[in-house]
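*Asks:* Quick one: the structure is below, questions incoming.
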2 protein chains.
Amino acid sequence: MEQESGEAHDPVRVRLDFGYDGTDFCGWAAQPGLRSVEAELSAALARVLRLPGVRLTVAGRTDAGVHATGAVAHLDVPAPAWAALPGRSDRTPQQALPVRLAGVLPPDIVVRAAQVVPSAFDARFSALWRRYEYRLGDRLGWLDPCRRRDTVEIRPQLNVASAHRAAQVLLGLHDFAAFCKRRQGATTIRTLQEFSWRREPDGVVVATVIADAFCHSMVRALVGCTVAVGQGRRPSSWPESVLLGRSRDSGVTVMPARGLCLREVGYPSMTDPVALADRARAARSVRVDLAGRTSE
Amino acid sequence: MEQESGEAHDPVRVRLDFGYDGTDFCGWAAQPGLRSVEAELSAALARVLRLPGVRLTVAGRTDAGVHATGAVAHLDVPAPAWAALPGRSDRTPQQALPVRLAGVLPPDIVVRAAQVVPSAFDARFSALWRRYEYRLGDRLGWLDPCRRRDTVEIRPQLNVASAHRAAQVLLGLHDFAAFCKRRQGATTIRTLQEFSWRREPDGVVVATVIADAFCHSMVRALVGCTVAVGQGRRPSSWPESVLLGRSRDSGVTVMPARGLCLREVGYPSMTDPVALADRARAARSVRVDLAGRTSE
């Protein structure tokens, strides 16, 4: 049997770098009867790899309407299917996969690259950090109408410097329960590494949020909380008092999904399988320690 | 009668700065049974100004699918309708108009600003130049899926430096008939002031084209001609030989509309009515002179 024929037939672990326009998806995760990124991407992979099905592990399980330009997933491909992929001999399977996928994927999913990675690499658990951006238009008529799918309009105008200052008190290792939709058995302890605000030359305000991982709706709640300060609706001390409350605060607006985009996922060097596996183990155990009874 | 009651009741000339996502429009110009920017914007203006109808003059009559972030138009508003516009006394009509329009316009048209201008100002004939940008993605999987409405994908990859060099020979005052869809009685003589190519940090290639004015499909044909050189499908001397042919060249690809966006229109100082009117007169007469029997 194939499984017993040794190393040459071990499955190949493949990392996919991809993006999507989240507008017409129910989110990353497959749901019966709904259009998901996971289901569309899995079906396209199964088709070009001629497999009955494909199981994907992803770094960011984004909600309905959230976009991605820097999503990362991995899958395991049986060695024969991987070797059979290139139709032409001048292409490696890594080169062939994005080209073949482009031919079958819907236009709102784009696979940028495929690469063979060590089996210790796990798209979800090897990740060191995730970087999200949130786009806001706060000046009437300034927003490029072509960007209304990935930018949220707010009024009144935002004081970007004051939003940025308010964001800085949230940095570090905290229990972000006040900004999370609680899920049974999931920790809300995270390390917020960056939460910065800037105004782009075209007038659009961009918030960048980097953390080891995020719980459900966390980025959109962090942005909503800070917007309230930037608009002068809340005092600058408010984000800290919300954080210290440690339970979901109904005063915090969870911003609309379409302004949010997963831009990048950071990993240890792919050439260091030990670091990849160590990281994956550490990610799980540290969270369990900090959160007491909870686990990822 | 109102028309005879002197200066106080002269109509007010208003300049509108606006943008639109051209995807779902038949273009700027109203056409029976089709959805146009002109018809939607005129209807919205008539509604908020409580007028039976409104006549708009625009700087760029864009084709179906072409976008704009820097479009400019003017209209004449009867003084009483203009004075009655603000619902609140703390707003001028200029401040009130974009706010009121935002409430009635469809989401794919955005009015950025309204200002009262001298009656010598003509959105079309006072314009000194128009700046268009064309967006191209030439790397598989690199395009942000949220930008596919305003960016065109091409293969193979483009040599941006060679496209840029090829474009420079087209600069200056020429008969651009080879790049224009011929229209009865319209000149094809234009001054191309800039035709530059750059690759943005995100990998997208942007061509910038500035001219005093453009004839029909000219920007998209200029881009198509230069892309052929940048992709190595045509020699670098080709654009010049096309230009010198002085009649529409079927070898030139007219690029798809969705990559094109009207970014800016340049005018003389609004405080100099003489320059505005001189420019308008000059624009018409120079073209007639150069083109012999044709006129704008």
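In the structure tokens, each chain is lettered A, B, ... as it comes, each chain's residues begin at 1, and ligands are numbered from 1 in order of appearance.
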Using only C-alpha atoms, which protein or nucleic acid residues come within 7 Å of range 7-18 of chain B? Drop anything in the same chain fewer than 4 positions from it, and give the result as a list in words.
*Replies:*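 Within the cut-off, the hits are Glu2, Thr69, Gly70, Ala71, Val72, Ala73, His74, Leu75, Asp76, Val77, Pro78, Ala79, Val110, Val111, Arg112, Ala113, Ala114, Gln115, Val116, Val117, Pro118 and Ser119 of chain B.
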*Asks:* Give me the chain A side of the contact with chain B, cut-off 12 Å, one line per residue showing its nearest atom pair and distance in Å at one decimal, counting only C-alpha atoms, sorted by chain and residue number, as a tab-separated table.
*Replies:*
residue	atom	partner	partner_atom	distance
A:Leu16	CA	B:Gly141	CA	11.2
A:Asp17	CA	B:Gly141	CA	9.0
A:Phe18	CA	B:Gly141	CA	7.4
A:Gly19	CA	B:Pro145	CA	6.5
A:Tyr20	CA	B:Pro145	CA	5.3
A:Asp21	CA	B:Cys146	CA	4.9
A:Gly22	CA	B:Cys146	CA	8.2
A:Thr23	CA	B:Cys146	CA	8.7
A:Asp24	CA	B:Cys146	CA	11.1
A:Gly65	CA	B:Cys146	CA	11.3
A:Val66	CA	B:Cys146	CA	10.8
A:His67	CA	B:Cys146	CA	7.8
A:Ala68	CA	B:Asp144	CA	8.2
A:Thr69	CA	B:Asp144	CA	5.9
A:Gly70	CA	B:Asp144	CA	9.3
A:Ala71	CA	B:Asp144	CA	11.5
A:Gln95	CA	B:Leu140	CA	10.7
A:Ala96	CA	B:Leu140	CA	11.4
A:Leu97	CA	B:Leu140	CA	11.3
A:Pro98	CA	B:Gly141	CA	7.5
A:Val99	CA	B:Leu140	CA	7.4
A:Arg100	CA	B:Leu140	CA	10.9
A:Leu101	CA	B:Gly141	CA	9.9
A:Ala102	CA	B:Gly141	CA	7.9
A:Gly103	CA	B:Leu140	CA	11.1
A:Leu105	CA	B:Gly141	CA	11.3
A:Pro106	CA	B:Pro145	CA	10.4
A:Pro107	CA	B:Pro145	CA	7.4
A:Asp108	CA	B:Pro145	CA	5.5
A:Ile109	CA	B:Pro145	CA	6.5
A:Val110	CA	B:Gly141	CA	5.3
A:Val111	CA	B:Gly141	CA	5.2
A:Arg112	CA	B:Gly141	CA	3.9
A:Ala113	CA	B:Gly141	CA	7.3
A:Ala114	CA	B:Gly141	CA	10.6
A:Arg139	CA	B:Arg112	CA	8.8
A:Leu140	CA	B:Arg112	CA	6.5
A:Gly141	CA	B:Arg112	CA	3.9
A:Trp142	CA	B:Arg112	CA	5.8
A:Leu143	CA	B:Val110	CA	7.8
A:Asp144	CA	B:Thr69	CA	5.9
A:Pro145	CA	B:Asp21	CA	5.1
A:Cys146	CA	B:Asp21	CA	4.9
A:Arg147	CA	B:Arg147	CA	7.9
A:Arg148	CA	B:Pro107	CA	8.2
A:Arg149	CA	B:Cys146	CA	7.2
A:Asp150	CA	B:Cys146	CA	7.0
A:Thr151	CA	B:Cys146	CA	10.5
A:Glu153	CA	B:Pro107	CA	11.4
A:Arg155	CA	B:Val99	CA	11.7
A:Asp202	CA	B:Thr69	CA	10.6
A:Arg258	CA	B:Cys146	CA	10.4
A:Gly259	CA	B:Cys146	CA	11.2
A:Leu260	CA	B:Cys146	CA	11.6
A:Cys261	CA	B:Cys146	CA	10.0
A:Leu262	CA	B:Asp144	CA	11.4
A:Arg263	CA	B:Asp144	CA	10.2
*Asks:* With only C-alpha atoms as the counted atoms, please give the residues lying no more than 8 Å from Leu34 in chain A, apart from itself and same-chain residues fewer than 4 positions off, as a PyMOL selection string.
*Replies:* chain A and resi 25-26+30
*Asks:* Could you take the residues named above and write them with C-alpha atoms, as a PDB file, in the first residue's frame?
*Replies:*
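The resulting file, result-v8.pdb, is reproduced below:
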ATOM      1  CA  PHE A  25     -18.170  34.996   1.026  1.00  0.00           C
ATOM      2  CA  CYS A  26     -19.675  33.812   4.327  1.00  0.00           C
ATOM      3  CA  ALA A  30     -17.077  26.269   5.134  1.00  0.00           C
TER       4      ALA A  30
END
*Asks:* For His174 in chain B, find every residue with an atom within 7 Å (counting only C-alpha atoms), except residues of its own chain fewer than 6 positions away, and show them as a PyMOL selection string.
*Replies:* chain B and resi 189-191
*Asks:* Per DSSP on the backbone, filter range 85-134 of chain A down to the residues in strand (DSSP E or B) and report them as a ChimeraX atom specification.
*Replies:* /A:109-116,129-134
*Asks:* Kindly save the residues from that selection, with N, CA and C atoms included, as a CSV table (one decimal), in the first residue's frame.
*Replies:*
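File produced: selection10.csv:
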chain,number,residue,atom,x,y,z
A,109,ILE,N,-10.9,35.0,-5.6
A,109,ILE,CA,-9.8,34.3,-4.8
A,109,ILE,C,-8.6,34.2,-5.7
A,110,VAL,N,-7.4,34.6,-5.2
A,110,VAL,CA,-6.2,34.6,-6.0
A,110,VAL,C,-5.1,33.9,-5.2
A,111,VAL,N,-4.5,32.9,-5.8
A,111,VAL,CA,-3.3,32.2,-5.1
A,111,VAL,C,-2.0,32.8,-5.7
A,112,ARG,N,-1.2,33.4,-4.8
A,112,ARG,CA,0.0,34.0,-5.2
A,112,ARG,C,1.1,33.1,-5.4
A,113,ALA,N,1.3,32.1,-4.5
A,113,ALA,CA,2.4,31.2,-4.5
A,113,ALA,C,2.1,29.9,-3.8
A,114,ALA,N,2.8,28.9,-4.2
A,114,ALA,CA,2.8,27.6,-3.5
A,114,ALA,C,4.2,27.2,-3.3
A,115,GLN,N,4.5,26.7,-2.1
A,115,GLN,CA,5.9,26.2,-1.9
A,115,GLN,C,5.8,24.9,-1.0
A,116,VAL,N,6.8,24.0,-1.3
A,116,VAL,CA,6.9,22.8,-0.4
A,116,VAL,C,7.6,23.3,0.9
A,129,TRP,N,2.9,35.9,14.2
A,129,TRP,CA,2.0,37.0,14.3
A,129,TRP,C,1.2,37.1,13.1
A,130,ARG,N,0.1,37.9,13.3
A,130,ARG,CA,-0.8,38.2,12.2
A,130,ARG,C,-0.9,39.7,12.1
A,131,ARG,N,-0.9,40.3,10.9
A,131,ARG,CA,-1.0,41.7,10.7
A,131,ARG,C,-2.3,42.0,9.9
A,132,TYR,N,-3.2,42.7,10.5
A,132,TYR,CA,-4.5,43.2,9.9
A,132,TYR,C,-4.4,44.7,9.6
A,133,GLU,N,-5.1,45.1,8.6
A,133,GLU,CA,-5.3,46.6,8.4
A,133,GLU,C,-6.8,46.9,8.3
A,134,TYR,N,-7.2,48.0,8.8
A,134,TYR,CA,-8.6,48.5,8.8
A,134,TYR,C,-8.6,49.8,8.1
*Asks:* Using CA of Met255 in chain A and CA of Pro201 in chain A as the two end points, give the distance in Å to one decimal.
*Replies:*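 Result for CA of Met255 in chain A versus CA of Pro201 in chain A: 23.0 Å, one decimal.
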*Asks:* Just list as a PyMOL selection string whatever in range 178-239 of chain A DSSP marks as helix (DSSP H, G or I).
*Replies:* chain A and resi 178-179+218-230+238-239
*Asks:* For the residues selected in the previous step, produce a file with N, CA and C atoms as a short mmCIF file (atom, residue, chain, number, x, y, z; two decimals), in the first residue's frame.
*Replies:*
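So the final result, stored in part_32.cif, reads:
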data_model
loop_
_atom_site.label_atom_id
_atom_site.label_comp_id
_atom_site.auth_asym_id
_atom_site.auth_seq_id
_atom_site.Cartn_x
_atom_site.Cartn_y
_atom_site.Cartn_z
N ALA A 178 -12.71 41.82 26.81
CA ALA A 178 -13.63 42.95 26.61
C ALA A 178 -13.84 43.24 25.12
N PHE A 179 -12.92 42.78 24.27
CA PHE A 179 -12.99 43.06 22.83
C PHE A 179 -13.34 41.81 22.02
N MET A 218 -12.06 40.64 17.42
CA MET A 218 -11.17 41.46 18.25
C MET A 218 -10.66 42.70 17.52
N VAL A 219 -10.19 42.55 16.27
CA VAL A 219 -9.64 43.71 15.56
C VAL A 219 -10.73 44.76 15.35
N ARG A 220 -11.90 44.31 14.95
CA ARG A 220 -12.97 45.26 14.66
C ARG A 220 -13.46 45.98 15.93
N ALA A 221 -13.39 45.30 17.08
CA ALA A 221 -13.76 45.94 18.35
C ALA A 221 -12.67 46.91 18.80
N LEU A 222 -11.39 46.51 18.62
CA LEU A 222 -10.29 47.41 18.97
C LEU A 222 -10.38 48.70 18.15
N VAL A 223 -10.66 48.56 16.86
CA VAL A 223 -10.77 49.73 15.99
C VAL A 223 -11.97 50.59 16.42
N GLY A 224 -13.10 49.96 16.69
CA GLY A 224 -14.30 50.70 17.08
C GLY A 224 -14.09 51.49 18.36
N CYS A 225 -13.40 50.87 19.32
CA CYS A 225 -13.13 51.53 20.61
C CYS A 225 -12.26 52.76 20.40
N THR A 226 -11.24 52.62 19.55
CA THR A 226 -10.28 53.71 19.35
C THR A 226 -10.88 54.82 18.49
N VAL A 227 -11.73 54.46 17.54
CA VAL A 227 -12.42 55.46 16.73
C VAL A 227 -13.23 56.40 17.63
N ALA A 228 -13.87 55.84 18.65
CA ALA A 228 -14.69 56.65 19.55
C ALA A 228 -13.85 57.74 20.22
N VAL A 229 -12.60 57.40 20.55
CA VAL A 229 -11.69 58.40 21.13
C VAL A 229 -11.27 59.41 20.06
N GLY A 230 -10.91 58.91 18.88
CA GLY A 230 -10.46 59.78 17.79
C GLY A 230 -11.53 60.76 17.34
N TRP A 238 -10.66 55.85 27.96
CA TRP A 238 -11.70 54.83 27.82
C TRP A 238 -11.18 53.45 27.40
N PRO A 239 -10.32 53.36 26.36
CA PRO A 239 -9.86 52.03 25.95
C PRO A 239 -9.27 51.23 27.11
#
